[in-house]
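A short worksheet on the structure shown next.
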Amino acid sequence: MLLLYHVARNSRGSLPVYSDVRNAGSRYLVYIRNVDGNVADLVNDLTTTLFPESSVKISTVRNRHVVIQGGRCKDSVMEWLASKGF
């Protein structure tokens with residue numbers, strides 16, 4: 001299957017998935033940075049496969065970053081990206 005997006009690894013060889021805790025722990029954000037290609041397809045794939053019936057909100061920032069709000073899901077996002085071959 002041909003993907004219309006690519007998530008390149010960083011200079012240390014890790015996936016560019018980061019977590020950010022704000023408001024004394026009440027707001028948990030997960031960032032996927034430096035997405036090349038069609039970011040909307042990545043968001044669509046995340047919502048249909050990884051979060052099908054969840055209250056997680058996924059948005060894009062600056063057309064290269066994806067922000068996931070509403071859950072502690074960094075490890076599952078990293079496993080999902082690794083299973084896709086990134």
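Labels used: A, B, ... for chains in the order of the structure tokens, numbers from 1 for residues in each chain, and numbers from 1 for ligands as shown.
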Neighbours of range 80-84 of chain A within 12 Å (only C-alpha atoms; same-chain residues fewer than 6 positions away dropped), as a PyMOL selection string? chain A and resi 1-3+5-9+14-17+32+35+42+45-47+49-51+73-74
Keeping C-alpha atoms for every residue in the selection just given, could you write it to a file as a PDB file, in the first residue's frame?
ATOM      1  CA  MET A   1       0.000   0.000   0.000  1.00  0.00           C
ATOM      2  CA  LEU A   2       1.391   3.378  -1.014  1.00  0.00           C
ATOM      3  CA  LEU A   3       1.264   5.977   1.747  1.00  0.00           C
ATOM      4  CA  TYR A   5       2.930  10.750   3.906  1.00  0.00           C
ATOM      5  CA  HIS A   6       6.295   9.997   5.474  1.00  0.00           C
ATOM      6  CA  VAL A   7       7.481  10.401   9.067  1.00  0.00           C
ATOM      7  CA  ALA A   8      11.277  10.612   9.006  1.00  0.00           C
ATOM      8  CA  ARG A   9      13.280   9.574  12.036  1.00  0.00           C
ATOM      9  CA  SER A  14      14.113   7.657  16.960  1.00  0.00           C
ATOM     10  CA  LEU A  15      10.613   8.404  15.788  1.00  0.00           C
ATOM     11  CA  PRO A  16       9.705  12.101  16.210  1.00  0.00           C
ATOM     12  CA  VAL A  17       6.884  11.467  18.710  1.00  0.00           C
ATOM     13  CA  ILE A  32       4.210  13.879  15.772  1.00  0.00           C
ATOM     14  CA  VAL A  35       5.571  14.836   8.641  1.00  0.00           C
ATOM     15  CA  LEU A  42      -1.980  10.638   8.393  1.00  0.00           C
ATOM     16  CA  ASP A  45      -5.359   6.913   9.219  1.00  0.00           C
ATOM     17  CA  LEU A  46      -4.844   7.647  12.920  1.00  0.00           C
ATOM     18  CA  THR A  47      -8.536   8.284  13.524  1.00  0.00           C
ATOM     19  CA  THR A  49      -7.175   2.630  12.789  1.00  0.00           C
ATOM     20  CA  LEU A  50      -5.685   3.686  16.129  1.00  0.00           C
ATOM     21  CA  PHE A  51      -8.524   5.761  17.643  1.00  0.00           C
ATOM     22  CA  CYS A  73      -1.099   7.472  23.870  1.00  0.00           C
ATOM     23  CA  LYS A  74       2.559   8.165  23.008  1.00  0.00           C
TER      24      LYS A  74
END
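Running DSSP on the backbone and keeping only alpha helix (DSSP H), the residues of chain A that qualify are A:Val39, A:Ala40, A:Asp41, A:Leu42, A:Val43, A:Asn44, A:Asp45, A:Lys74, A:Asp75, A:Ser76, A:Val77, A:Met78, A:Glu79, A:Trp80, A:Leu81, A:Ala82, A:Ser83.
Reported to one decimal place, the separation of CA of Val61 in chain A from CA of Glu79 in chain A is 22.2 Å.
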Among chain A, which residues carry a DSSP assignment of strand (DSSP E), reported as a ChimeraX atom specification? /A:5-7,17-22,27-32,35-37,57-61,65-69
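Checking A:Val56, A:Asn34, A:Gly85, A:Gly13 one by one against Gly71 in chain A, counting only C-alpha atoms, you find the shortest gap at A:Val56.
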Work out how far apart CA of Gly25 in chain A and CA of Gln69 in chain A are and give it in Å to one decimal. 12.6 Å
